[in-house]
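See below for the structure under consideration.
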Amino acid sequence: MSAVAAHSRSRRGAGLGLLAWLVGLLFFLPIAWMALTSFHSEADAATNPPSFAAALTLDGYRDFFGVGGGASPWPALINSTVASLVSTLCVLLLAFPAAYALSIRPVRKWTDVLFFFLSTKMLPVVAGLLPIYLFAKNAGMLDNIWLLVILYTSMNLPIAVWMMQSFLAEVPVAVIEAAQLDGARLPTVLSRVVAPIALPGIAATALICFIFSWNELLFARVLTGVVAETAPVFLTGFITSQGLFLAKVCAASLVISLPVLAAGFAAQDKLVQGLSLGAVK
Amino acid sequence: MTAMTTAPVAAPAPSTGHRPPAKLRAWATRAPLLPALIFMIVVTQLPFVATLVISFFNWNALYPKARHFAGVDNYREVLTDADLRQSVGTTILLTVSVVLASLVLGLALALLLNRKFRGRGIVRTLLIAPFLVVPVAAALLWKHVLFNPEYGLFNGLLHYVGGPQPDWISNTPLIAVEAALVWQWTPFMMLILLAGLQSRDHEQIEAARVDGASDWQIFRHLTLPHLRRYLELGALLGSIYIVQNFDAVFTLTSGGLGTANLPYTVYQTFYQAHENGLASAAGVLVVIGSIIIATFALRVVSSLFREEVSRA
């Protein structure tokens with residue numbers, strides 16, 4: 001490669017790096033603007049042209065947390081936390097043994113079983129919503145957070161089985177056979193041998209299940225009311241406010257997105273690994 | 001540790017020929033699978049069967065006593081209903097345009113981020129953020145903070161260049177919804193494609209470069225074929241989620257102005273019109289449509305792990 005070509009390549013490389021920065025900032029701009037607006041007073045938030053240098057205040061956050069009256073978001077935040085964490089735990093408990101049966105000691109026709117799991121993801125939520133609603137109504141389970149836990153578990157289980165199947169497939173069979181020769185029974189093999197090796201994959205699975213549960217709206221909107229309301233349902237209360245409380249809307253959106261943003265930023269690599277489902281290696 | 005200490009006692013069992021009968025062993029293999037399988041069937045398949053049954057009844061929740069078997073009336077009504085037919089078209093248009101746009105943008109971004117440059121990690125973090133914002137929050141952000149005709153950021157910036165101040169959501173409702181969704185899904189596509197790019201064979205690329213292949217030739221003949229499965233996976237997962245999108249339509253337009261997709265229409269039919277039978281018939285039709293797409297998509301996915309099948 002000639003020096004001239006290398007030089008032009010490196011100059012173009014710097015240009016493309018700059019372009020990447022520009023696009024990155026462009027994609028982040030709405031979130032940055034939302035963050036800035038959340039620290040403005042309502043009057044400064046709703047101006048045209050936008051006020052970049054207005055005084056900062058925590059009023060938006062005070063309003064959101066209901067300091068000066070208004071609905072407190074805490075019950076909704078707690079409901080979301082419980083529903084997301086418990087359903088993620090249930091998913092892991094169900095998906096881990098299933099993934100073992102599909103990858104390490106594959107049952108016959110295991111690809112068909114895997115396809116069945118994925119196909120339930122293609123069954124649109126709306127196609128089962130009405131019977132679930134009627135069942136919940138008759139069983140007195142409407143506006144009950146545990147119903148959401150069950151539904152979120154079923155929502156994420158197929159993805160979790162898929163992801164874990166591919167992660168467990170990487171556990172060397174020889175290690176497992178050695179443990180079994182030593183007389184270890186299945187629960188011991190799973191918890192002491194397989195789980196430690198597959199831990200990064202399990203963490204990625206848990207992260208994605210948590211994010212999808214935290215974000216879910218349709219089930220929560222139809223099946224909860226006052227008591228079991230989740231954070232996204234609480235946010236829908238802002239839809240008709242026509243931006244009258246722009247700073248409050250921004251503060252609310254940021255606070256409710258914070259757990260997911262934090263988890264996602266902290267585990268970027270795992271997210272990539274998990275999202276590609278480990279299916280393509 | 002218990003496993004280790006009991007090992008000598010338990011170990012002889014398999015070697016002495018007292019192996020459990022084949023049937024029992026087959027069940028032992030299946031057992032770990034059963035809880036997940038049974039749970040999925042009960043929670044997803046039973047409600048669908050119930051939806052199927054309800055779809056043949058004329059049943060308005062406000063007049064429960066008037067409920068009666070109606071045969072295929074609901075299906076006839078759904079298929080001839082102009083609103084519903086339109087929402088089928090909207091769903092297809094929304095899904096195809098958002099998946100394609102976010103795939104192409106995601107590919108461009110993945111190629112940009114696959115190069116080494118100063119601050120690459122920060123740029124990646126900035127780009128992931130839209131995917132991590134709660135969908136309802138993202139939709140609220142677009143509706144109030146960006147699109148608002150009076151004090152939204154878009155018109156605020158247009159103000160500086162003296163441009164027009166359109167009412168984005170009223171003028172181009174579907175494009176407004178699509179823009180918000182593309183913003184959310186491009187990072188997702190980028191993540192998957194970036195994982196694909198990083199698994200490329202670097203020696204092969206170097207060899208091609210030494211042989212004088214241009215960047216475009218390397219992209220066209222090496223990178224793109226390698227990325228095919230990642231593009232398919234992104235399209236498949238994106239489609240599954242965007243076909244079922246409810247949050248953006250519900251929040252941005254409340255299904256108005258011709259943006260109602262099928263999930264929103266079904267939601268409205270049963271939640272607001274209380275037409276249980278009609279809603280169920282519409283739901284069943286959504287499933288039939290999904291099965292057609294899924295059959296096609298599963299063929300694609302099956303190619304994703306054709307190599308792994310040999311394991312069974």
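So you can find residues: chains in the structure tokens are A, B, ... in the order shown, residues in each start at 1, and ligands are numbered from 1 in order.
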
Long-range neighbours of segment 71-86 of chain A as a PDB file with all heavy atoms, in the first residue's frame, 7 Å cut-off, only C-alpha atoms, 5 positions minimum in chain:
ATOM      1  N   PHE A  65     -43.200  13.912  41.425  1.00  0.00           N
ATOM      2  CA  PHE A  65     -43.307  13.092  42.625  1.00  0.00           C
ATOM      3  C   PHE A  65     -44.461  13.534  43.524  1.00  0.00           C
ATOM      4  O   PHE A  65     -44.607  13.053  44.646  1.00  0.00           O
ATOM      5  CB  PHE A  65     -41.985  13.081  43.396  1.00  0.00           C
ATOM      6  CG  PHE A  65     -40.950  12.197  42.753  1.00  0.00           C
ATOM      7  CD1 PHE A  65     -39.854  12.734  42.105  1.00  0.00           C
ATOM      8  CD2 PHE A  65     -41.104  10.814  42.765  1.00  0.00           C
ATOM      9  CE1 PHE A  65     -38.908  11.913  41.500  1.00  0.00           C
ATOM     10  CE2 PHE A  65     -40.173   9.986  42.159  1.00  0.00           C
ATOM     11  CZ  PHE A  65     -39.071  10.540  41.518  1.00  0.00           C
ATOM     12  N   GLY A  66     -45.269  14.473  43.013  1.00  0.00           N
ATOM     13  CA  GLY A  66     -46.483  14.847  43.731  1.00  0.00           C
ATOM     14  C   GLY A  66     -46.223  15.607  45.022  1.00  0.00           C
ATOM     15  O   GLY A  66     -47.017  15.532  45.957  1.00  0.00           O
ATOM     16  N   ILE A 145     -51.432  -7.203  40.580  1.00  0.00           N
ATOM     17  CA  ILE A 145     -50.081  -7.198  40.022  1.00  0.00           C
ATOM     18  C   ILE A 145     -49.601  -8.614  39.688  1.00  0.00           C
ATOM     19  O   ILE A 145     -48.798  -8.826  38.778  1.00  0.00           O
ATOM     20  CB  ILE A 145     -49.101  -6.480  40.988  1.00  0.00           C
ATOM     21  CG1 ILE A 145     -47.815  -6.090  40.239  1.00  0.00           C
ATOM     22  CG2 ILE A 145     -48.781  -7.293  42.199  1.00  0.00           C
ATOM     23  CD1 ILE A 145     -47.999  -5.005  39.246  1.00  0.00           C
ATOM     24  N   LEU A 148     -50.158  -9.731  36.183  1.00  0.00           N
ATOM     25  CA  LEU A 148     -49.132  -9.206  35.278  1.00  0.00           C
ATOM     26  C   LEU A 148     -47.863 -10.036  35.364  1.00  0.00           C
ATOM     27  O   LEU A 148     -47.200 -10.285  34.355  1.00  0.00           O
ATOM     28  CB  LEU A 148     -48.814  -7.742  35.598  1.00  0.00           C
ATOM     29  CG  LEU A 148     -49.830  -6.692  35.179  1.00  0.00           C
ATOM     30  CD1 LEU A 148     -49.245  -5.296  35.356  1.00  0.00           C
ATOM     31  CD2 LEU A 148     -50.262  -6.894  33.743  1.00  0.00           C
ATOM     32  N   VAL A 149     -47.525 -10.472  36.581  1.00  0.00           N
ATOM     33  CA  VAL A 149     -46.322 -11.300  36.734  1.00  0.00           C
ATOM     34  C   VAL A 149     -46.441 -12.553  35.860  1.00  0.00           C
ATOM     35  O   VAL A 149     -45.513 -12.909  35.122  1.00  0.00           O
ATOM     36  CB  VAL A 149     -46.105 -11.673  38.218  1.00  0.00           C
ATOM     37  CG1 VAL A 149     -45.031 -12.750  38.346  1.00  0.00           C
ATOM     38  CG2 VAL A 149     -45.704 -10.442  39.021  1.00  0.00           C
ATOM     39  N   PHE A 210     -36.106  -8.175  31.976  1.00  0.00           N
ATOM     40  CA  PHE A 210     -36.440  -7.053  32.846  1.00  0.00           C
ATOM     41  C   PHE A 210     -36.867  -5.840  32.014  1.00  0.00           C
ATOM     42  O   PHE A 210     -37.887  -5.212  32.293  1.00  0.00           O
ATOM     43  CB  PHE A 210     -35.235  -6.694  33.726  1.00  0.00           C
ATOM     44  CG  PHE A 210     -35.463  -5.472  34.577  1.00  0.00           C
ATOM     45  CD1 PHE A 210     -36.139  -5.562  35.783  1.00  0.00           C
ATOM     46  CD2 PHE A 210     -35.034  -4.224  34.141  1.00  0.00           C
ATOM     47  CE1 PHE A 210     -36.366  -4.438  36.555  1.00  0.00           C
ATOM     48  CE2 PHE A 210     -35.257  -3.092  34.912  1.00  0.00           C
ATOM     49  CZ  PHE A 210     -35.924  -3.194  36.118  1.00  0.00           C
ATOM     50  N   SER A 213     -40.328  -6.335  30.405  1.00  0.00           N
ATOM     51  CA  SER A 213     -41.411  -6.274  31.395  1.00  0.00           C
ATOM     52  C   SER A 213     -41.634  -4.839  31.860  1.00  0.00           C
ATOM     53  O   SER A 213     -42.767  -4.385  31.987  1.00  0.00           O
ATOM     54  CB  SER A 213     -41.073  -7.127  32.623  1.00  0.00           C
ATOM     55  OG  SER A 213     -40.834  -8.447  32.251  1.00  0.00           O
ATOM     56  N   TRP A 214     -40.543  -4.153  32.118  1.00  0.00           N
ATOM     57  CA  TRP A 214     -40.639  -2.771  32.607  1.00  0.00           C
ATOM     58  C   TRP A 214     -41.348  -1.896  31.575  1.00  0.00           C
ATOM     59  O   TRP A 214     -42.107  -0.994  31.930  1.00  0.00           O
ATOM     60  CB  TRP A 214     -39.237  -2.225  32.899  1.00  0.00           C
ATOM     61  CG  TRP A 214     -39.242  -0.866  33.515  1.00  0.00           C
ATOM     62  CD1 TRP A 214     -39.266   0.321  32.851  1.00  0.00           C
ATOM     63  CD2 TRP A 214     -39.253  -0.549  34.908  1.00  0.00           C
ATOM     64  NE1 TRP A 214     -39.289   1.359  33.735  1.00  0.00           N
ATOM     65  CE2 TRP A 214     -39.287   0.863  35.006  1.00  0.00           C
ATOM     66  CE3 TRP A 214     -39.239  -1.317  36.076  1.00  0.00           C
ATOM     67  CZ2 TRP A 214     -39.304   1.516  36.245  1.00  0.00           C
ATOM     68  CZ3 TRP A 214     -39.257  -0.656  37.295  1.00  0.00           C
ATOM     69  CH2 TRP A 214     -39.290   0.742  37.366  1.00  0.00           C
ATOM     70  N   ALA A 228     -52.919  -1.720  40.797  1.00  0.00           N
ATOM     71  CA  ALA A 228     -51.773  -2.419  40.213  1.00  0.00           C
ATOM     72  C   ALA A 228     -51.166  -1.652  39.041  1.00  0.00           C
ATOM     73  O   ALA A 228     -50.353  -2.184  38.304  1.00  0.00           O
ATOM     74  CB  ALA A 228     -52.189  -3.818  39.762  1.00  0.00           C
ATOM     75  N   GLU A 229     -51.551  -0.419  38.868  1.00  0.00           N
ATOM     76  CA  GLU A 229     -51.040   0.412  37.792  1.00  0.00           C
ATOM     77  C   GLU A 229     -49.506   0.367  37.738  1.00  0.00           C
ATOM     78  O   GLU A 229     -48.841   0.495  38.762  1.00  0.00           O
ATOM     79  CB  GLU A 229     -51.502   1.848  38.056  1.00  0.00           C
ATOM     80  CG  GLU A 229     -51.061   2.864  37.054  1.00  0.00           C
ATOM     81  CD  GLU A 229     -51.412   4.277  37.529  1.00  0.00           C
ATOM     82  OE1 GLU A 229     -50.974   4.677  38.623  1.00  0.00           O
ATOM     83  OE2 GLU A 229     -52.134   4.958  36.797  1.00  0.00           O
ATOM     84  N   THR A 230     -48.953   0.200  36.517  1.00  0.00           N
ATOM     85  CA  THR A 230     -47.491   0.196  36.394  1.00  0.00           C
ATOM     86  C   THR A 230     -47.011   1.555  35.900  1.00  0.00           C
ATOM     87  O   THR A 230     -47.813   2.415  35.522  1.00  0.00           O
ATOM     88  CB  THR A 230     -47.026  -0.879  35.402  1.00  0.00           C
ATOM     89  OG1 THR A 230     -47.579  -0.590  34.122  1.00  0.00           O
ATOM     90  CG2 THR A 230     -47.448  -2.273  35.849  1.00  0.00           C
ATOM     91  N   ALA A 231     -45.692   1.722  35.882  1.00  0.00           N
ATOM     92  CA  ALA A 231     -45.116   3.018  35.507  1.00  0.00           C
ATOM     93  C   ALA A 231     -45.532   3.472  34.096  1.00  0.00           C
ATOM     94  O   ALA A 231     -45.906   4.625  33.910  1.00  0.00           O
ATOM     95  CB  ALA A 231     -43.598   2.970  35.649  1.00  0.00           C
ATOM     96  N   PHE A 234     -48.990   4.752  34.268  1.00  0.00           N
ATOM     97  CA  PHE A 234     -48.959   6.059  34.924  1.00  0.00           C
ATOM     98  C   PHE A 234     -48.582   7.147  33.903  1.00  0.00           C
ATOM     99  O   PHE A 234     -49.187   8.221  33.868  1.00  0.00           O
ATOM    100  CB  PHE A 234     -47.951   6.036  36.075  1.00  0.00           C
ATOM    101  CG  PHE A 234     -47.928   7.288  36.911  1.00  0.00           C
ATOM    102  CD1 PHE A 234     -48.817   7.461  37.961  1.00  0.00           C
ATOM    103  CD2 PHE A 234     -47.020   8.303  36.635  1.00  0.00           C
ATOM    104  CE1 PHE A 234     -48.800   8.611  38.722  1.00  0.00           C
ATOM    105  CE2 PHE A 234     -47.000   9.463  37.394  1.00  0.00           C
ATOM    106  CZ  PHE A 234     -47.898   9.616  38.439  1.00  0.00           C
TER     107      PHE A 234
END

Self-check item: Every residue of segment 69-309 of chain B that DSSP places in alpha helix (DSSP H), as a PyMOL selection string
Solution: chain B and resi 73-80+82-114+120-132+135-140+153-161+168-171+173-198+202-210+215-218+224-243+247-252+262-271+276-304+306-309

Self-check item: Close residues, Ser254 of chain B itself excluded, 12 Å, only C-alpha atoms, min 3 positions apart in chain, as a VMD selection string
Solution: (chain A and resid 236 239 to 240) or (chain B and resid 139 to 140 143 169 173 to 174 177 246 to 251 257 to 261 263 to 265 267 to 268)

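Interatomic distance, atom CA of Ile31 of chain A against atom CA of Tyr241 of chain B: 22.3 Å.
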